[in-house]
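Q: Just one file: upload38.pdb, with PDB, C-alpha atoms, pLDDT in the B column.
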```
ATOM      1  CA  MET A  24      20.346 -14.977  84.022  1.00 67.00           C
ATOM      2  CA  GLU A  25      17.482 -17.107  85.286  1.00 94.00           C
ATOM      3  CA  LEU A  26      18.475 -20.566  86.523  1.00 97.00           C
ATOM      4  CA  LYS A  27      15.824 -22.252  84.402  1.00 97.00           C
ATOM      5  CA  ALA A  28      17.401 -20.711  81.294  1.00 97.00           C
ATOM      6  CA  ILE A  29      20.854 -21.949  82.317  1.00 98.00           C
ATOM      7  CA  VAL A  30      19.513 -25.481  82.864  1.00 98.00           C
ATOM      8  CA  SER A  31      17.839 -25.358  79.458  1.00 97.00           C
ATOM      9  CA  GLU A  32      21.073 -24.190  77.843  1.00 97.00           C
ATOM     10  CA  ILE A  33      23.020 -27.030  79.484  1.00 98.00           C
ATOM     11  CA  CYS A  34      20.520 -29.657  78.363  1.00 97.00           C
ATOM     12  CA  ASP A  35      20.423 -28.241  74.836  1.00 97.00           C
ATOM     13  CA  GLU A  36      24.226 -28.328  74.545  1.00 96.00           C
ATOM     14  CA  ALA A  37      24.826 -31.577  76.472  1.00 96.00           C
ATOM     15  CA  ASP A  38      25.295 -33.701  73.344  1.00 94.00           C
ATOM     16  CA  ASP A  39      28.264 -31.511  72.435  1.00 95.00           C
ATOM     17  CA  PHE A  40      30.087 -30.867  75.692  1.00 95.00           C
ATOM     18  CA  LEU A  41      29.207 -34.224  77.294  1.00 96.00           C
ATOM     19  CA  ALA A  42      29.986 -36.342  74.240  1.00 92.00           C
ATOM     20  CA  GLY A  43      30.930 -39.858  75.322  1.00 91.00           C
ATOM     21  CA  VAL A  44      29.695 -39.385  78.889  1.00 93.00           C
ATOM     22  CA  THR A  45      27.493 -42.249  80.075  1.00 92.00           C
ATOM     23  CA  ARG A  46      27.433 -41.811  83.863  1.00 94.00           C
ATOM     24  CA  PRO A  47      25.857 -39.063  85.964  1.00 96.00           C
ATOM     25  CA  ASP A  48      29.033 -38.558  88.026  1.00 95.00           C
ATOM     26  CA  GLU A  49      30.988 -37.846  84.833  1.00 96.00           C
ATOM     27  CA  ALA A  50      28.247 -35.505  83.668  1.00 97.00           C
ATOM     28  CA  ARG A  51      28.287 -33.676  87.012  1.00 98.00           C
ATOM     29  CA  ALA A  52      31.972 -32.857  86.522  1.00 97.00           C
ATOM     30  CA  GLY A  53      31.377 -31.791  82.907  1.00 97.00           C
ATOM     31  CA  ILE A  54      28.459 -29.558  83.842  1.00 98.00           C
ATOM     32  CA  ALA A  55      30.479 -28.003  86.678  1.00 98.00           C
ATOM     33  CA  GLU A  56      33.275 -27.238  84.223  1.00 97.00           C
ATOM     34  CA  TRP A  57      30.768 -25.799  81.716  1.00 97.00           C
ATOM     35  CA  LEU A  58      29.372 -23.537  84.451  1.00 97.00           C
ATOM     36  CA  THR A  59      32.884 -22.404  85.410  1.00 96.00           C
ATOM     37  CA  ILE A  60      33.509 -21.353  81.818  1.00 96.00           C
ATOM     38  CA  ASN A  61      30.096 -19.898  80.968  1.00 96.00           C
ATOM     39  CA  HIS A  62      28.694 -18.636  84.299  1.00 96.00           C
ATOM     40  CA  VAL A  63      31.696 -17.985  86.493  1.00 94.00           C
ATOM     41  CA  LYS A  64      29.803 -15.630  88.854  1.00 95.00           C
ATOM     42  CA  LEU A  65      26.982 -18.076  89.598  1.00 96.00           C
ATOM     43  CA  PRO A  66      26.710 -18.429  93.408  1.00 97.00           C
ATOM     44  CA  PRO A  67      27.515 -21.886  94.847  1.00 96.00           C
ATOM     45  CA  GLY A  68      23.919 -22.613  95.901  1.00 97.00           C
ATOM     46  CA  ASP A  69      22.583 -21.745  92.449  1.00 98.00           C
ATOM     47  CA  ARG A  70      25.391 -23.713  90.833  1.00 98.00           C
ATOM     48  CA  LYS A  71      24.433 -26.824  92.811  1.00 98.00           C
ATOM     49  CA  ALA A  72      20.737 -26.381  91.962  1.00 98.00           C
ATOM     50  CA  VAL A  73      21.539 -26.014  88.244  1.00 98.00           C
ATOM     51  CA  ILE A  74      23.720 -29.134  88.234  1.00 98.00           C
ATOM     52  CA  GLU A  75      21.109 -31.231  90.067  1.00 98.00           C
ATOM     53  CA  GLN A  76      18.236 -30.087  87.859  1.00 98.00           C
ATOM     54  CA  SER A  77      20.281 -30.613  84.695  1.00 98.00           C
ATOM     55  CA  LEU A  78      21.163 -34.155  85.773  1.00 98.00           C
ATOM     56  CA  ARG A  79      17.499 -34.915  86.540  1.00 98.00           C
ATOM     57  CA  ILE A  80      16.407 -33.718  83.108  1.00 98.00           C
ATOM     58  CA  LEU A  81      19.192 -35.517  81.248  1.00 97.00           C
ATOM     59  CA  SER A  82      18.424 -38.711  83.141  1.00 96.00           C
ATOM     60  CA  SER A  83      14.689 -38.466  82.429  1.00 96.00           C
ATOM     61  CA  GLU A  84      15.480 -37.944  78.734  1.00 94.00           C
ATOM     62  CA  GLY A  85      17.563 -41.138  78.659  1.00 94.00           C
ATOM     63  CA  PHE A  86      20.881 -39.341  78.190  1.00 94.00           C
ATOM     64  CA  PHE A  87      22.711 -41.919  80.323  1.00 92.00           C
ATOM     65  CA  ASP A  88      21.002 -44.935  78.717  1.00 89.00           C
ATOM     66  CA  ARG A  89      22.995 -44.841  75.496  1.00 70.00           C
ATOM     67  CA  GLU A  90      26.264 -46.477  74.601  1.00 63.00           C
ATOM     68  CA  PRO A  91      29.516 -44.461  74.756  1.00 54.00           C
ATOM     69  CA  GLY A  92      30.271 -42.615  71.542  1.00 52.00           C
ATOM     70  CA  THR A  93      26.750 -42.872  70.115  1.00 53.00           C
ATOM     71  CA  ASP A  94      23.884 -40.437  69.754  1.00 53.00           C
ATOM     72  CA  GLU A  95      21.247 -43.088  70.420  1.00 50.00           C
TER      73      GLU A  95
END
```
For the structure just supplied, provide its representation as structure tokens.

A:
Amino acid sequence: MELKAIVSEICDEADDFLAGVTRPDEARAGIAEWLTINHVKLPPGDRKAVIEQSLRILSSEGFFDREPGTDE
């Protein structure tokens, strides 16, 4: 699977599997866990690139600017 597609999938599903997360370090752990479950064979270098790109996108979309437990 193309890395861009994996990043897109993570960002699309982030509201569900990162519910209540408000800090990038928490999100990093959640994304790493998501990758372990959904893309177990992803090489370490690709895994790191996917996590970093996902965090950049989520941050630029204001994901970490909201209050815990809210969708806004």

Q: Let me make sure I understand: among A:Leu26, A:Thr59, A:Gly53, A:Ile74, which one has the smallest atom-to-atom distance to A:Asp39 if we use all atoms listed in the file?

A: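 Distance minimum relative to A:Asp39 lands on A:Gly53.
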
Q: So the first atom is atom CA of A:Ile60 and the second is atom CA of A:Glu32; what is the distance between them in Å, to one decimal place?

A: 13.4 Å

Q: Please measure the separation of atom CA of A:Val73 and atom CA of A:Leu41, giving the value in Å to one decimal.

A: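 It comes out at 15.7 Å.
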
Q: Please, what distance in Å, to one decimal, runs between atom CA of A:Pro67 and atom CA of A:Gly43?

A: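 Separation between atom CA of A:Pro67 and atom CA of A:Gly43: 26.8 Å.
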
Q: Got a sec: who's within 12 Å of A:Asp35, counting only C-alpha atoms, leaving out chain neighbours fewer than 4 positions off, as a PDB file with C-alpha atoms, keeping the file's coordinate frame?

A:
```pdb
ATOM      1  CA  ALA A  28      17.401 -20.711  81.294  1.00 97.00           C
ATOM      2  CA  ILE A  29      20.854 -21.949  82.317  1.00 98.00           C
ATOM      3  CA  VAL A  30      19.513 -25.481  82.864  1.00 98.00           C
ATOM      4  CA  SER A  31      17.839 -25.358  79.458  1.00 97.00           C
ATOM      5  CA  ASP A  39      28.264 -31.511  72.435  1.00 95.00           C
ATOM      6  CA  PHE A  40      30.087 -30.867  75.692  1.00 95.00           C
ATOM      7  CA  LEU A  41      29.207 -34.224  77.294  1.00 96.00           C
ATOM      8  CA  SER A  77      20.281 -30.613  84.695  1.00 98.00           C
ATOM      9  CA  ILE A  80      16.407 -33.718  83.108  1.00 98.00           C
ATOM     10  CA  LEU A  81      19.192 -35.517  81.248  1.00 97.00           C
ATOM     11  CA  GLU A  84      15.480 -37.944  78.734  1.00 94.00           C
ATOM     12  CA  PHE A  86      20.881 -39.341  78.190  1.00 94.00           C
TER      13      PHE A  86
END
```

Q: I need the residue nearest A:Ser83 from this list: A:Cys34, A:Lys71, A:Glu25, A:Val63. Use all atoms listed in the file for the distance.

A: A:Cys34

Q: Taking (30.7, -40.7, 83.5) in the file's own coordinates, collect the residues within 12 Å, counting all atoms listed in the file, and hand them back as a list in words.

A: Leu41, Ala42, Gly43, Val44, Thr45, Arg46, Pro47, Asp48, Glu49, Ala50, Arg51, Ala52, Gly53, Ile54, Leu78, Phe86, Phe87, Asp88, Arg89, Glu90 and Pro91 of chain A

Q: Give me a file of those residues, with C-alpha atoms, as a PDB file, in the coordinates of the input.

A:
```pdb
ATOM      1  CA  LEU A  41      29.207 -34.224  77.294  1.00 96.00           C
ATOM      2  CA  ALA A  42      29.986 -36.342  74.240  1.00 92.00           C
ATOM      3  CA  GLY A  43      30.930 -39.858  75.322  1.00 91.00           C
ATOM      4  CA  VAL A  44      29.695 -39.385  78.889  1.00 93.00           C
ATOM      5  CA  THR A  45      27.493 -42.249  80.075  1.00 92.00           C
ATOM      6  CA  ARG A  46      27.433 -41.811  83.863  1.00 94.00           C
ATOM      7  CA  PRO A  47      25.857 -39.063  85.964  1.00 96.00           C
ATOM      8  CA  ASP A  48      29.033 -38.558  88.026  1.00 95.00           C
ATOM      9  CA  GLU A  49      30.988 -37.846  84.833  1.00 96.00           C
ATOM     10  CA  ALA A  50      28.247 -35.505  83.668  1.00 97.00           C
ATOM     11  CA  ARG A  51      28.287 -33.676  87.012  1.00 98.00           C
ATOM     12  CA  ALA A  52      31.972 -32.857  86.522  1.00 97.00           C
ATOM     13  CA  GLY A  53      31.377 -31.791  82.907  1.00 97.00           C
ATOM     14  CA  ILE A  54      28.459 -29.558  83.842  1.00 98.00           C
ATOM     15  CA  LEU A  78      21.163 -34.155  85.773  1.00 98.00           C
ATOM     16  CA  PHE A  86      20.881 -39.341  78.190  1.00 94.00           C
ATOM     17  CA  PHE A  87      22.711 -41.919  80.323  1.00 92.00           C
ATOM     18  CA  ASP A  88      21.002 -44.935  78.717  1.00 89.00           C
ATOM     19  CA  ARG A  89      22.995 -44.841  75.496  1.00 70.00           C
ATOM     20  CA  GLU A  90      26.264 -46.477  74.601  1.00 63.00           C
ATOM     21  CA  PRO A  91      29.516 -44.461  74.756  1.00 54.00           C
TER      22      PRO A  91
END
```

Q: Might I get the box with edges along x, y and z of the file that holds all atoms of stretch 61-64 of chain A listed there, padded by 8 Å on every side, given as centre and edge lengths in Å to one decimal, as AutoDock Vina command-line options?

A:
```
--center_x 30.2 --center_y -17.8 --center_z 84.9 --size_x 19.0 --size_y 20.3 --size_z 23.9
```

Q: Can you sort out stretch 55-66 of chain A so it carries N, CA, C and O atoms, written as a PDB file, in the frame of the given file?

A:
```
ATOM      1  N   ALA A  55      29.775 -28.943  85.796  1.00 98.00           N
ATOM      2  CA  ALA A  55      30.479 -28.003  86.678  1.00 98.00           C
ATOM      3  C   ALA A  55      31.536 -27.221  85.906  1.00 98.00           C
ATOM      4  O   ALA A  55      31.663 -25.999  86.067  1.00 98.00           O
ATOM      5  N   GLU A  56      32.260 -27.910  85.046  1.00 97.00           N
ATOM      6  CA  GLU A  56      33.275 -27.238  84.223  1.00 97.00           C
ATOM      7  C   GLU A  56      32.610 -26.244  83.262  1.00 97.00           C
ATOM      8  O   GLU A  56      33.090 -25.125  83.081  1.00 97.00           O
ATOM      9  N   TRP A  57      31.502 -26.671  82.641  1.00 97.00           N
ATOM     10  CA  TRP A  57      30.768 -25.799  81.716  1.00 97.00           C
ATOM     11  C   TRP A  57      30.310 -24.533  82.443  1.00 97.00           C
ATOM     12  O   TRP A  57      30.425 -23.430  81.913  1.00 97.00           O
ATOM     13  N   LEU A  58      29.807 -24.698  83.665  1.00 97.00           N
ATOM     14  CA  LEU A  58      29.372 -23.537  84.451  1.00 97.00           C
ATOM     15  C   LEU A  58      30.543 -22.621  84.791  1.00 97.00           C
ATOM     16  O   LEU A  58      30.398 -21.402  84.771  1.00 97.00           O
ATOM     17  N   THR A  59      31.694 -23.201  85.094  1.00 96.00           N
ATOM     18  CA  THR A  59      32.884 -22.404  85.410  1.00 96.00           C
ATOM     19  C   THR A  59      33.282 -21.542  84.212  1.00 96.00           C
ATOM     20  O   THR A  59      33.665 -20.379  84.379  1.00 96.00           O
ATOM     21  N   ILE A  60      33.147 -22.083  83.033  1.00 96.00           N
ATOM     22  CA  ILE A  60      33.509 -21.353  81.818  1.00 96.00           C
ATOM     23  C   ILE A  60      32.443 -20.325  81.435  1.00 96.00           C
ATOM     24  O   ILE A  60      32.764 -19.185  81.095  1.00 96.00           O
ATOM     25  N   ASN A  61      31.168 -20.725  81.508  1.00 96.00           N
ATOM     26  CA  ASN A  61      30.096 -19.898  80.968  1.00 96.00           C
ATOM     27  C   ASN A  61      29.356 -19.032  81.987  1.00 96.00           C
ATOM     28  O   ASN A  61      28.714 -18.052  81.602  1.00 96.00           O
ATOM     29  N   HIS A  62      29.416 -19.386  83.260  1.00 96.00           N
ATOM     30  CA  HIS A  62      28.694 -18.636  84.299  1.00 96.00           C
ATOM     31  C   HIS A  62      29.545 -18.573  85.563  1.00 96.00           C
ATOM     32  O   HIS A  62      29.130 -19.021  86.634  1.00 96.00           O
ATOM     33  N   VAL A  63      30.700 -18.005  85.431  1.00 94.00           N
ATOM     34  CA  VAL A  63      31.696 -17.985  86.493  1.00 94.00           C
ATOM     35  C   VAL A  63      31.186 -17.314  87.778  1.00 94.00           C
ATOM     36  O   VAL A  63      31.590 -17.686  88.871  1.00 94.00           O
ATOM     37  N   LYS A  64      30.275 -16.365  87.673  1.00 95.00           N
ATOM     38  CA  LYS A  64      29.803 -15.630  88.854  1.00 95.00           C
ATOM     39  C   LYS A  64      28.568 -16.253  89.501  1.00 95.00           C
ATOM     40  O   LYS A  64      28.028 -15.702  90.445  1.00 95.00           O
ATOM     41  N   LEU A  65      28.152 -17.411  89.030  1.00 96.00           N
ATOM     42  CA  LEU A  65      26.982 -18.076  89.598  1.00 96.00           C
ATOM     43  C   LEU A  65      27.290 -18.490  91.040  1.00 96.00           C
ATOM     44  O   LEU A  65      28.278 -19.185  91.291  1.00 96.00           O
ATOM     45  N   PRO A  66      26.462 -18.071  91.995  1.00 97.00           N
ATOM     46  CA  PRO A  66      26.710 -18.429  93.408  1.00 97.00           C
ATOM     47  C   PRO A  66      26.673 -19.952  93.620  1.00 97.00           C
ATOM     48  O   PRO A  66      25.967 -20.669  92.903  1.00 97.00           O
TER      49      PRO A  66
END
```
